[in-house]
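Participant: For reference, this is work.cif, and it has mmCIF, C-alpha atoms.
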```
data_work
#
loop_
_atom_site.label_atom_id
_atom_site.label_comp_id
_atom_site.auth_asym_id
_atom_site.auth_seq_id
_atom_site.Cartn_x
_atom_site.Cartn_y
_atom_site.Cartn_z
CA MET X 1 45.83 13.78 30.51
CA LYS X 2 45.33 14.48 26.81
CA ALA X 3 41.77 13.21 26.94
CA ARG X 4 40.98 15.53 29.87
CA PHE X 5 42.48 18.47 28.00
CA LEU X 6 40.39 17.71 24.91
CA ILE X 7 37.20 17.30 26.91
CA GLY X 8 37.91 20.59 28.63
CA LEU X 9 38.54 22.25 25.26
CA ALA X 10 35.24 20.98 23.88
CA VAL X 11 33.33 22.12 26.99
CA ALA X 12 35.00 25.54 26.85
CA ALA X 13 34.02 25.91 23.22
CA LEU X 14 30.39 25.11 23.99
CA VAL X 15 30.38 27.55 26.92
CA ALA X 16 31.80 30.21 24.62
CA VAL X 17 29.02 29.57 22.12
CA GLN X 18 26.39 29.91 24.85
CA ALA X 19 27.98 33.12 26.18
CA VAL X 20 28.04 34.72 22.75
CA ALA X 21 24.43 33.76 22.13
CA GLN X 22 23.31 35.21 25.46
CA SER X 23 25.26 38.42 25.02
CA THR X 24 23.67 39.09 21.63
CA LYS X 25 20.19 38.10 22.84
CA LYS X 26 19.74 35.68 19.97
CA TYR X 27 17.84 32.55 20.73
CA PHE X 28 17.34 31.46 17.13
CA PRO X 29 20.00 31.53 14.43
CA GLU X 30 19.78 33.97 11.58
CA ARG X 31 20.94 31.23 9.23
CA LEU X 32 20.60 27.46 9.30
CA ASP X 33 22.24 24.88 7.02
CA LEU X 34 21.39 21.23 6.51
CA SER X 35 24.16 18.80 5.50
CA LEU X 36 24.24 15.23 4.25
CA THR X 37 27.47 13.61 5.47
CA ALA X 38 29.32 10.43 4.47
CA GLY X 39 32.62 9.02 5.64
CA VAL X 40 34.27 7.00 8.39
CA PRO X 41 31.50 7.79 10.95
CA GLY X 42 28.95 6.50 8.42
CA LEU X 43 26.01 8.29 6.83
CA GLY X 44 24.42 11.20 8.65
CA LEU X 45 22.68 14.54 8.82
CA GLU X 46 23.94 17.76 10.43
CA LEU X 47 22.50 21.17 11.21
CA THR X 48 24.90 24.12 11.22
CA ALA X 49 24.35 27.64 12.51
CA PRO X 50 26.78 30.61 12.63
CA VAL X 51 27.46 32.14 16.04
CA THR X 52 29.89 34.87 15.05
CA SER X 53 31.75 35.78 11.87
CA TRP X 54 34.51 33.36 12.87
CA MET X 55 32.58 30.55 14.59
CA LYS X 56 29.90 28.01 13.69
CA VAL X 57 28.33 25.25 15.70
CA ARG X 58 27.01 22.06 14.15
CA THR X 59 25.24 19.04 15.53
CA GLY X 60 24.04 15.87 13.91
CA PHE X 61 23.55 12.14 13.89
CA SER X 62 25.46 9.46 11.97
CA TYR X 63 25.03 5.73 11.47
CA LEU X 64 27.53 3.20 10.10
CA PRO X 65 25.94 0.36 8.08
CA ALA X 66 27.17 -3.19 8.73
CA ILE X 67 29.98 -4.35 6.45
CA GLU X 68 30.97 -8.02 6.85
CA VAL X 69 34.66 -8.95 6.99
CA PRO X 70 35.50 -12.71 6.71
CA MET X 71 38.23 -14.25 8.89
CA HIS X 72 39.09 -17.61 10.40
CA PHE X 73 40.70 -19.35 13.40
CA ASP X 74 42.33 -22.80 13.62
CA VAL X 75 40.84 -25.57 15.78
CA MET X 76 43.43 -26.88 18.22
CA VAL X 77 43.62 -30.04 20.34
CA GLY X 78 45.61 -29.91 23.58
CA ASN X 79 48.08 -27.22 24.57
CA ASP X 80 50.92 -27.98 22.17
CA PRO X 81 50.59 -26.42 18.69
CA ASN X 82 53.26 -28.83 17.38
CA THR X 83 51.16 -31.93 18.08
CA SER X 84 47.72 -30.41 17.63
CA HIS X 85 47.38 -31.24 13.93
CA SER X 86 48.10 -34.95 14.34
CA LYS X 87 45.79 -35.16 17.36
CA PHE X 88 43.03 -33.45 15.41
CA ASN X 89 43.36 -35.89 12.51
CA ARG X 90 42.94 -38.81 14.91
CA LEU X 91 39.95 -37.26 16.64
CA SER X 92 38.13 -35.98 13.56
CA GLY X 93 36.79 -39.48 12.81
CA LEU X 94 35.73 -39.88 16.43
CA LEU X 95 33.81 -36.61 16.35
CA GLU X 96 32.23 -37.30 12.99
CA GLY X 97 31.01 -40.68 14.22
CA PHE X 98 29.65 -39.08 17.39
CA THR X 99 27.96 -36.02 15.87
CA GLY X 100 27.37 -36.93 12.24
CA GLN X 101 29.20 -33.74 11.25
CA LYS X 102 32.44 -33.62 9.29
CA VAL X 103 34.75 -31.50 11.40
CA LYS X 104 37.08 -28.98 9.76
CA ASP X 105 40.34 -27.87 11.34
CA GLU X 106 39.35 -24.19 11.17
CA VAL X 107 36.38 -22.05 12.11
CA GLU X 108 35.13 -19.39 9.74
CA MET X 109 34.30 -16.09 11.42
CA ILE X 110 32.43 -12.94 10.37
CA GLY X 111 33.33 -9.51 11.75
CA LYS X 112 31.23 -6.39 11.24
CA PRO X 113 30.23 -3.08 12.87
CA SER X 114 27.50 -3.44 15.44
CA ASN X 115 24.83 -0.74 15.42
CA VAL X 116 27.40 2.09 15.31
CA TRP X 117 25.61 5.40 15.80
CA ASN X 118 26.84 8.74 17.12
CA TRP X 119 25.42 12.13 18.01
CA ASN X 120 27.96 14.88 17.60
CA VAL X 121 28.41 18.51 18.65
CA LEU X 122 31.25 20.30 16.86
CA VAL X 123 32.41 23.91 16.89
CA ASP X 124 34.16 25.20 13.76
CA PHE X 125 36.65 28.06 14.13
CA TYR X 126 37.73 30.13 11.12
CA PRO X 127 41.18 31.48 12.09
CA LEU X 128 42.02 33.18 8.77
CA LYS X 129 40.54 36.68 8.66
CA ASN X 130 40.23 36.97 4.89
CA ASN X 131 39.64 33.27 4.12
CA LYS X 132 36.43 31.55 5.25
CA HIS X 133 37.18 28.22 3.58
CA TRP X 134 39.49 26.63 6.16
CA HIS X 135 38.33 25.83 9.67
CA LEU X 136 39.50 24.06 12.83
CA SER X 137 37.02 21.85 14.66
CA ALA X 138 36.66 20.73 18.27
CA GLY X 139 33.85 18.88 19.97
CA PHE X 140 32.70 15.37 20.77
CA TYR X 141 30.85 12.31 19.54
CA LEU X 142 28.47 10.49 21.84
CA GLY X 143 27.23 7.01 20.97
CA GLY X 144 27.01 3.36 21.92
CA ARG X 145 29.96 1.56 23.53
CA HIS X 146 29.46 -1.64 21.55
CA ILE X 147 30.76 -0.84 18.07
CA ALA X 148 31.72 -4.18 16.47
CA LYS X 149 31.23 -7.91 16.82
CA ALA X 150 32.57 -11.16 15.43
CA TYR X 151 30.88 -14.55 15.41
CA ASN X 152 31.24 -17.89 13.69
CA ALA X 153 29.70 -18.42 10.28
CA THR X 154 26.78 -20.81 9.90
CA GLU X 155 29.02 -23.23 8.00
CA SER X 156 31.13 -23.71 11.15
CA MET X 157 28.26 -24.56 13.47
CA GLY X 158 28.68 -28.31 12.93
CA ALA X 159 32.38 -28.24 13.79
CA LEU X 160 31.80 -26.15 16.90
CA MET X 161 29.00 -28.38 18.15
CA ALA X 162 31.33 -31.35 17.69
CA VAL X 163 34.06 -29.55 19.66
CA ARG X 164 31.59 -28.80 22.44
CA ALA X 165 30.42 -32.42 22.49
CA TYR X 166 33.99 -33.66 22.74
CA ASN X 167 34.82 -31.25 25.59
CA ARG X 168 31.65 -32.28 27.38
CA MET X 169 32.72 -35.92 27.13
CA TYR X 170 36.23 -34.95 28.23
CA ASP X 171 34.86 -33.23 31.35
CA LYS X 172 32.73 -36.24 32.21
CA LEU X 173 35.61 -38.67 31.85
CA ILE X 174 38.31 -36.56 33.54
CA ASN X 175 36.47 -34.49 36.13
CA ASP X 176 33.21 -36.26 36.96
CA GLN X 177 34.77 -39.77 36.98
CA ILE X 178 31.67 -41.52 35.66
CA GLU X 179 31.84 -45.23 36.47
CA HIS X 180 29.44 -46.47 33.81
CA VAL X 181 31.09 -44.96 30.73
CA PRO X 182 32.37 -48.31 29.36
CA GLU X 183 28.86 -49.77 29.42
CA LEU X 184 27.40 -46.72 27.70
CA LEU X 185 30.12 -46.46 25.09
CA TYR X 186 30.74 -50.10 24.26
CA GLU X 187 27.60 -52.15 24.95
CA GLN X 188 25.14 -49.51 23.71
CA LYS X 189 27.45 -48.52 20.83
CA ILE X 190 26.89 -44.80 21.40
CA ILE X 191 30.23 -43.92 19.86
CA ASP X 192 33.09 -45.64 18.05
CA LEU X 193 36.28 -44.96 20.00
CA SER X 194 38.62 -46.63 17.52
CA ALA X 195 40.01 -43.22 16.58
CA LEU X 196 41.65 -43.16 20.00
CA GLY X 197 43.42 -46.45 19.28
CA PRO X 198 42.49 -50.03 18.27
CA GLU X 199 42.47 -51.20 21.90
CA TYR X 200 39.42 -48.99 22.53
CA ALA X 201 37.33 -50.37 19.68
CA SER X 202 35.45 -53.30 21.17
CA SER X 203 36.32 -53.95 24.79
CA ASN X 204 33.60 -53.66 27.43
CA ASP X 205 35.95 -54.22 30.36
CA PRO X 206 35.10 -51.71 33.11
CA ALA X 207 38.83 -51.51 33.85
CA MET X 208 39.16 -49.80 30.47
CA LEU X 209 37.72 -46.65 32.04
CA GLU X 210 41.00 -45.78 33.72
CA ALA X 211 42.90 -46.22 30.46
CA LEU X 212 40.25 -44.26 28.61
CA GLN X 213 40.50 -41.41 31.10
CA SER X 214 44.27 -41.41 30.79
CA ARG X 215 44.06 -41.27 27.00
CA PHE X 216 41.60 -38.39 26.97
CA LYS X 217 43.74 -36.54 29.49
CA SER X 218 46.84 -36.95 27.34
CA VAL X 219 44.96 -35.70 24.26
CA GLY X 220 43.50 -32.66 26.02
CA ARG X 221 40.55 -30.41 25.35
CA MET X 222 39.62 -28.93 21.99
CA GLY X 223 39.09 -25.30 21.12
CA VAL X 224 39.73 -22.48 18.69
CA HIS X 225 43.39 -21.52 18.96
CA VAL X 226 43.40 -17.72 19.10
CA GLY X 227 46.85 -16.86 20.49
CA ASN X 228 48.85 -17.05 23.72
CA TYR X 229 48.20 -15.49 27.13
CA THR X 230 50.28 -12.39 27.91
CA HIS X 231 49.95 -12.90 31.68
CA ASP X 232 48.65 -15.41 34.20
CA ILE X 233 44.90 -15.94 34.13
CA LEU X 234 43.33 -16.61 37.53
CA TYR X 235 40.19 -18.40 38.58
CA THR X 236 37.55 -15.84 39.48
CA GLU X 237 35.57 -18.23 41.70
CA ASP X 238 35.94 -21.57 43.47
CA VAL X 239 35.65 -24.64 41.22
CA TYR X 240 34.17 -27.91 42.42
CA VAL X 241 33.86 -31.40 40.95
CA GLY X 242 31.68 -34.20 42.22
CA GLU X 243 32.50 -37.53 43.80
CA PRO X 244 30.00 -40.35 43.24
CA ASP X 245 27.85 -41.43 46.18
CA ASP X 246 27.24 -45.08 47.14
CA GLU X 247 24.92 -45.50 44.16
CA GLY X 248 27.38 -43.99 41.70
CA ASP X 249 25.45 -40.73 41.28
CA ILE X 250 27.18 -37.37 41.12
CA TYR X 251 24.21 -35.00 40.77
CA ASP X 252 20.99 -34.87 42.75
CA ALA X 253 17.53 -34.40 41.23
CA ASN X 254 18.10 -30.64 40.99
CA GLY X 255 21.38 -31.00 39.11
CA ASN X 256 23.56 -30.08 42.10
CA LEU X 257 26.76 -31.93 43.02
CA ILE X 258 26.08 -34.46 45.77
CA ASN X 259 29.63 -34.60 47.12
CA PRO X 260 31.35 -31.42 45.91
CA VAL X 261 35.14 -31.43 46.07
CA LEU X 262 37.04 -28.14 45.84
CA VAL X 263 39.72 -28.43 43.13
CA HIS X 264 40.54 -24.76 42.50
CA LYS X 265 40.22 -21.72 44.71
CA ALA X 266 39.42 -18.23 43.45
CA GLY X 267 42.78 -16.60 42.73
CA ASP X 268 44.56 -19.82 41.74
CA VAL X 269 46.42 -19.71 38.43
CA LYS X 270 44.22 -21.14 35.69
CA TYR X 271 46.54 -20.49 32.74
CA LYS X 272 50.15 -19.30 32.79
CA ALA X 273 51.61 -16.54 30.67
CA GLY X 274 52.60 -18.06 27.33
CA ASP X 275 50.00 -20.85 27.44
CA PRO X 276 47.81 -21.16 24.34
CA TYR X 277 44.46 -19.39 24.59
CA MET X 278 41.80 -21.88 23.52
CA LEU X 279 38.43 -20.30 22.80
CA GLU X 280 35.76 -22.93 23.38
CA PRO X 281 32.18 -22.74 22.10
CA ASP X 282 29.54 -21.39 24.47
CA ASP X 283 26.38 -23.23 25.51
CA ASP X 284 24.84 -22.50 22.10
CA GLY X 285 27.84 -23.88 20.22
CA MET X 286 28.99 -20.39 19.18
CA VAL X 287 32.25 -18.44 19.42
CA LYS X 288 31.83 -14.68 19.70
CA ALA X 289 33.74 -11.48 20.39
CA ASP X 290 32.57 -7.90 20.93
CA MET X 291 34.44 -4.61 20.66
CA PHE X 292 33.81 -1.78 23.13
CA VAL X 293 34.99 1.85 23.35
CA ASN X 294 34.02 4.83 25.50
CA ALA X 295 30.60 6.29 24.80
CA PHE X 296 31.98 9.85 25.00
CA LYS X 297 34.67 10.50 22.38
CA PRO X 298 36.32 13.96 22.00
CA TYR X 299 37.22 15.11 18.48
CA LEU X 300 39.79 17.47 16.94
CA GLY X 301 40.03 18.16 13.23
CA ILE X 302 40.52 20.47 10.30
CA GLY X 303 38.25 21.10 7.32
CA TYR X 304 37.75 22.97 4.06
CA GLU X 305 34.45 24.31 2.71
CA GLY X 306 33.64 25.79 -0.71
CA CYS X 307 30.75 26.42 -3.08
CA LEU X 308 29.36 23.36 -4.81
CA VAL X 309 27.86 25.40 -7.64
CA LYS X 310 29.79 28.41 -8.89
CA GLY X 311 28.01 31.67 -8.07
CA ASP X 312 25.45 29.96 -5.77
CA ASP X 313 26.45 29.99 -2.10
CA ARG X 314 23.30 28.14 -1.03
CA TRP X 315 24.99 24.84 -1.95
CA LYS X 316 28.38 23.97 -0.47
CA VAL X 317 30.71 21.00 -0.21
CA ALA X 318 33.07 20.41 2.70
CA PHE X 319 35.83 17.95 3.60
CA ASP X 320 36.78 17.20 7.19
CA ALA X 321 39.68 15.20 8.60
CA GLY X 322 40.58 14.64 12.22
CA VAL X 323 40.89 12.20 15.08
CA MET X 324 38.36 10.77 17.52
CA PHE X 325 39.80 10.00 20.95
CA TRP X 326 38.62 6.62 22.19
CA GLY X 327 39.83 7.20 25.76
CA GLY X 328 42.35 4.35 25.73
CA THR X 329 42.77 1.01 24.02
CA PRO X 330 39.46 -0.51 22.85
CA SER X 331 38.37 -3.77 24.46
CA ILE X 332 37.69 -6.85 22.35
CA ALA X 333 36.01 -9.29 24.74
CA THR X 334 35.25 -12.91 23.85
CA HIS X 335 32.22 -14.70 25.23
CA ASP X 336 34.38 -16.30 27.95
CA GLY X 337 35.60 -12.93 29.24
CA ILE X 338 39.10 -12.71 27.72
CA ASN X 339 40.16 -9.29 26.37
CA LEU X 340 42.06 -9.92 23.13
CA THR X 341 43.78 -6.51 23.14
CA LYS X 342 45.21 -6.98 26.66
CA ASP X 343 45.22 -10.66 27.61
CA VAL X 344 46.39 -12.34 24.38
CA ASP X 345 49.19 -11.89 21.86
CA GLY X 346 50.53 -13.89 18.92
CA ILE X 347 47.17 -13.86 17.14
CA GLY X 348 47.80 -14.90 13.55
CA GLY X 349 46.34 -14.12 10.15
CA LYS X 350 44.03 -11.24 9.30
CA VAL X 351 42.47 -11.39 12.76
CA GLY X 352 45.85 -10.72 14.35
CA ASP X 353 46.48 -7.83 11.97
CA TYR X 354 43.11 -6.27 12.86
CA ILE X 355 43.61 -6.67 16.60
CA ASP X 356 47.20 -5.37 16.52
CA ALA X 357 45.99 -2.29 14.63
CA ILE X 358 43.10 -1.72 17.02
CA GLY X 359 45.25 -2.30 20.09
CA GLY X 360 47.70 0.37 18.98
CA MET X 361 45.01 2.96 18.31
CA LYS X 362 44.42 5.42 21.11
CA VAL X 363 42.74 7.65 18.55
CA PHE X 364 40.62 6.81 15.52
CA PRO X 365 41.24 8.63 12.21
CA MET X 366 38.18 10.39 10.82
CA LEU X 367 37.50 11.52 7.26
CA SER X 368 34.19 12.73 5.84
CA ILE X 369 32.58 14.72 3.05
CA SER X 370 29.38 16.73 3.33
CA ILE X 371 26.97 18.38 0.92
CA THR X 372 25.25 21.41 2.48
CA ARG X 373 22.07 23.31 1.55
CA ARG X 374 21.16 26.59 3.20
CA LEU X 375 17.66 26.38 4.67
CA PHE X 376 17.31 30.11 5.51
#
```
I'd like the structure from this file rewritten - as structure tokens, please.
Facilitator:
Amino acid sequence: MKARFLIGLAVAALVAVQAVAQSTKKYFPERLDLSLTAGVPGLGLELTAPVTSWMKVRTGFSYLPAIEVPMHFDVMVGNDPNTSHSKFNRLSGLLEGFTGQKVKDEVEMIGKPSNVWNWNVLVDFYPLKNNKHWHLSAGFYLGGRHIAKAYNATESMGALMAVRAYNRMYDKLINDQIEHVPELLYEQKIIDLSALGPEYASSNDPAMLEALQSRFKSVGRMGVHVGNYTHDILYTEDVYVGEPDDEGDIYDANGNLINPVLVHKAGDVKYKAGDPYMLEPDDDGMVKADMFVNAFKPYLGIGYEGCLVKGDDRWKVAFDAGVMFWGGTPSIATHDGINLTKDVDGIGGKVGDYIDAIGGMKVFPMLSISITRRLF
């Protein structure tokens, strides 16, 4: 309701400007100012023209340079935070032997603005008859929806690739039920499984597959522990696994399941409220998140303008403070489609502080300074 009121106020102000201009038959301003601006919106340029003795209209463009903010998440094994650390210690040797990468128990992340630009139209009202320094402002900012992003640092690529490799092996052992895993793992020495227990170190008994599957299932998948789900997460589509054919194959020549078996229907509960949210690397071994807001953002503010050089009103300095209305809670979407501001809570560390602050912001505080030069 508030957003609609503000949008209506901004539109009414612009209509008023147009009506005044038409009634006075002025299609070009008698005076035009150029301003260099700096502040929360970034660096920008604005053009300002008076409409009446108590109203000005300004329009401009601003751009916010990228500023990197470091953060980190913990790597978690299984769904129980209390046993995750000990499980990770056992598996770290397994993953290092498999990938050649020493795996850390945390992932370093980098957060920064993402190509934040805005075009603005603002109307300044001067309500004090004998004082032209103070003004009230109303208008809007229009820009890109994608305003920030976070992604893993290069130093964490090795750990994430190892996590992805482990989860891939987990899926093969638990879901695809590969029959020839013992031969591949033991006889060809692809990987040393001693980190799972001494009984897995040297046996090539095919019957070990069942025990191996059971052990992997008890350990669980690996991922970046972000927080806990605030509500049930449902499957968005049917999920199938494959059963081997008579020759032990699961996929045909085109990579399709030969004997697909439905294990989850769309709408089934995938994760329950309170379960840990485990962010797993994507196909490129990356973890990412992107922040989105509305493209159209109404603005209300107050400002003060005065001469920059005493006795020379061609140069002026102005300060503006106000709020930009985002149109609701911003979305912070991870690469697997989870919205961190709505679907997850209990996010720790600096990341949790940032997300809690963003999630509580329906408006964004704005502060800027501008240096103005009269063009004519």
Participant: Quick one: residues within 6 Å of Leu257 in chain X, all atoms listed in the file, excluding same-chain residues fewer than 4 positions away - as a list in words?
Facilitator: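 That gives Gly242, Ile250 and Tyr251 of chain X.
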Participant: Go ahead and write the selection's residues with C-alpha atoms as a tab-separated table (two decimals), in the coordinates of the input.
Facilitator:
```
chain	number	residue	atom	x	y	z
X	242	GLY	CA	31.68	-34.20	42.22
X	250	ILE	CA	27.18	-37.37	41.12
X	251	TYR	CA	24.21	-35.00	40.77
```
Participant: What's the separation between CA of Pro276 in chain X and CA of Asp290 in chain X, in Å to one decimal place?
Facilitator: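 Taking CA of Pro276 in chain X as the start and CA of Asp290 in chain X as the end point, the length is 20.5 Å.
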Participant: Nearest to Met222 in chain X: which of X:Ala165, X:Ala138, X:Ile302, X:Ala150 is it, counting only C-alpha atoms?
Facilitator: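 Of X:Ala165, X:Ala138, X:Ile302, X:Ala150, the one nearest Met222 in chain X, counting only C-alpha atoms, is X:Ala165.
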Participant: Could you write out as a PyMOL selection string the residues that the PyMOL selection byres ((chain X and resi 43) around 7) matches in the shown file?
Facilitator: chain X and resi 37-39+41-42+44+62-64
Participant: Run the PyMOL selection byres ((chain X and resi 268) around 6) mentally over the shown coordinates, then write out the matched residues as JSON, numbers by chain, using the chain letters and numbers from the document.
Facilitator: {"X": [234, 235, 265, 266, 267, 269]}
Participant: May I ask for the distance between CA of Asp80 in chain X and CA of Val351 in chain X, given in Å to one decimal place?
Facilitator: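 CA of Val351 in chain X lies 20.9 Å from CA of Asp80 in chain X.
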Participant: Using only C-alpha atoms, which of the listed residues (X:Pro260, X:Gly60, X:Pro50, X:Gly285) sits closest to Ser35 in chain X?
Facilitator: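 For Ser35 in chain X, the nearest of the given residues is X:Gly60.
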Participant: Write out as an mmCIF file with C-alpha atoms, in the frame of the given file each polymer residue whose atoms come within 10 Å of Tyr170 in chain X, counting all atoms listed in the file; drop sequence neighbours fewer than 5 positions from it.
Facilitator:
```
data_model
loop_
_atom_site.group_PDB
_atom_site.id
_atom_site.type_symbol
_atom_site.label_atom_id
_atom_site.label_comp_id
_atom_site.auth_asym_id
_atom_site.auth_seq_id
_atom_site.Cartn_x
_atom_site.Cartn_y
_atom_site.Cartn_z
ATOM 1 C CA ARG X 164 31.590 -28.800 22.440
ATOM 2 C CA ALA X 165 30.420 -32.420 22.490
ATOM 3 C CA ASN X 175 36.470 -34.490 36.130
ATOM 4 C CA ASP X 176 33.210 -36.260 36.960
ATOM 5 C CA GLN X 213 40.500 -41.410 31.100
ATOM 6 C CA PHE X 216 41.600 -38.390 26.970
ATOM 7 C CA LYS X 217 43.740 -36.540 29.490
ATOM 8 C CA VAL X 219 44.960 -35.700 24.260
ATOM 9 C CA GLY X 220 43.500 -32.660 26.020
ATOM 10 C CA ARG X 221 40.550 -30.410 25.350
ATOM 11 C CA MET X 222 39.620 -28.930 21.990
#
```
Participant: What does the structure give for the distance between CA of Leu47 in chain X and CA of Ser114 in chain X, in Å to one decimal?
Facilitator: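 If I compute the distance from CA of Leu47 in chain X to CA of Ser114 in chain X, I get 25.5 Å.
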Participant: List the residues matched by the PyMOL selection byres ((chain X and resi 139-143) around 6) in the displayed structure as a ChimeraX atom specification, ordered by chain and then by residue number.
Facilitator: /X:10,117-122,138,144,295-299
Participant: Export C-alpha atoms of the chosen residues as a PDB file, keeping the file's coordinate frame?
Facilitator:
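Ended up saving to selection.pdb:
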```
ATOM      1  CA  ALA X  10      35.240  20.980  23.880  1.00  0.00           C
ATOM      2  CA  TRP X 117      25.610   5.400  15.800  1.00  0.00           C
ATOM      3  CA  ASN X 118      26.840   8.740  17.120  1.00  0.00           C
ATOM      4  CA  TRP X 119      25.420  12.130  18.010  1.00  0.00           C
ATOM      5  CA  ASN X 120      27.960  14.880  17.600  1.00  0.00           C
ATOM      6  CA  VAL X 121      28.410  18.510  18.650  1.00  0.00           C
ATOM      7  CA  LEU X 122      31.250  20.300  16.860  1.00  0.00           C
ATOM      8  CA  ALA X 138      36.660  20.730  18.270  1.00  0.00           C
ATOM      9  CA  GLY X 144      27.010   3.360  21.920  1.00  0.00           C
ATOM     10  CA  ALA X 295      30.600   6.290  24.800  1.00  0.00           C
ATOM     11  CA  PHE X 296      31.980   9.850  25.000  1.00  0.00           C
ATOM     12  CA  LYS X 297      34.670  10.500  22.380  1.00  0.00           C
ATOM     13  CA  PRO X 298      36.320  13.960  22.000  1.00  0.00           C
ATOM     14  CA  TYR X 299      37.220  15.110  18.480  1.00  0.00           C
TER      15      TYR X 299
END
```
Participant: Between X:Asp245, X:Asp356, X:Tyr229, X:Lys288, single out the one closest to Val344 in chain X, counting all atoms listed in the file.
Facilitator: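 Among X:Asp245, X:Asp356, X:Tyr229, X:Lys288, it is X:Tyr229 that comes nearest to Val344 in chain X.
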Participant: Measuring between only C-alpha atoms, which one of X:Gly306, X:Gly255, X:Gly352, X:Gly301 shows the shortest distance to Leu136 in chain X?
Facilitator: X:Gly301
Participant: Pick from X:Gly349, X:Pro70, X:Pro330, X:Gly303: nearest to His133 in chain X, with all atoms listed in the file counted?
Facilitator: X:Gly303
Participant: Just checking: using only C-alpha atoms, which residue out of X:Glu106, X:Asp74, X:Glu237, X:Asp33 ends up closest to Thr59 in chain X?
Facilitator: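 So, comparing all the options, the nearest one is X:Asp33.
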Participant: Name the residues in contact with Val263 in chain X at a cut-off of 9 Å, using all atoms listed in the file, excluding same-chain residues fewer than 6 positions from it; report them as a list in words.
Facilitator: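 Everything that qualifies: Asp238, Val239, Tyr240 and Val241 of chain X.
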Participant: Would you export the selected residues with C-alpha atoms as a PDB file, in the frame of the given file, please?
Facilitator:
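Now in again-v8.pdb:
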```pdb
ATOM      1  CA  ASP X 238      35.940 -21.570  43.470  1.00  0.00           C
ATOM      2  CA  VAL X 239      35.650 -24.640  41.220  1.00  0.00           C
ATOM      3  CA  TYR X 240      34.170 -27.910  42.420  1.00  0.00           C
ATOM      4  CA  VAL X 241      33.860 -31.400  40.950  1.00  0.00           C
TER       5      VAL X 241
END
```
Participant: Using only C-alpha atoms and a cutoff of 8 Å, can you tell me which residues are near (29.5, -14.3, 18.9) in the file's coordinates, and write them out as a PyMOL selection string?
Facilitator: chain X and resi 149-152+286-290+334-335
Participant: Just want the 7 Å neighbourhood of Met278 in chain X, counted on only C-alpha atoms, with same-chain residues fewer than 4 positions away dropped. Output as a count of residues only.
Facilitator: 4
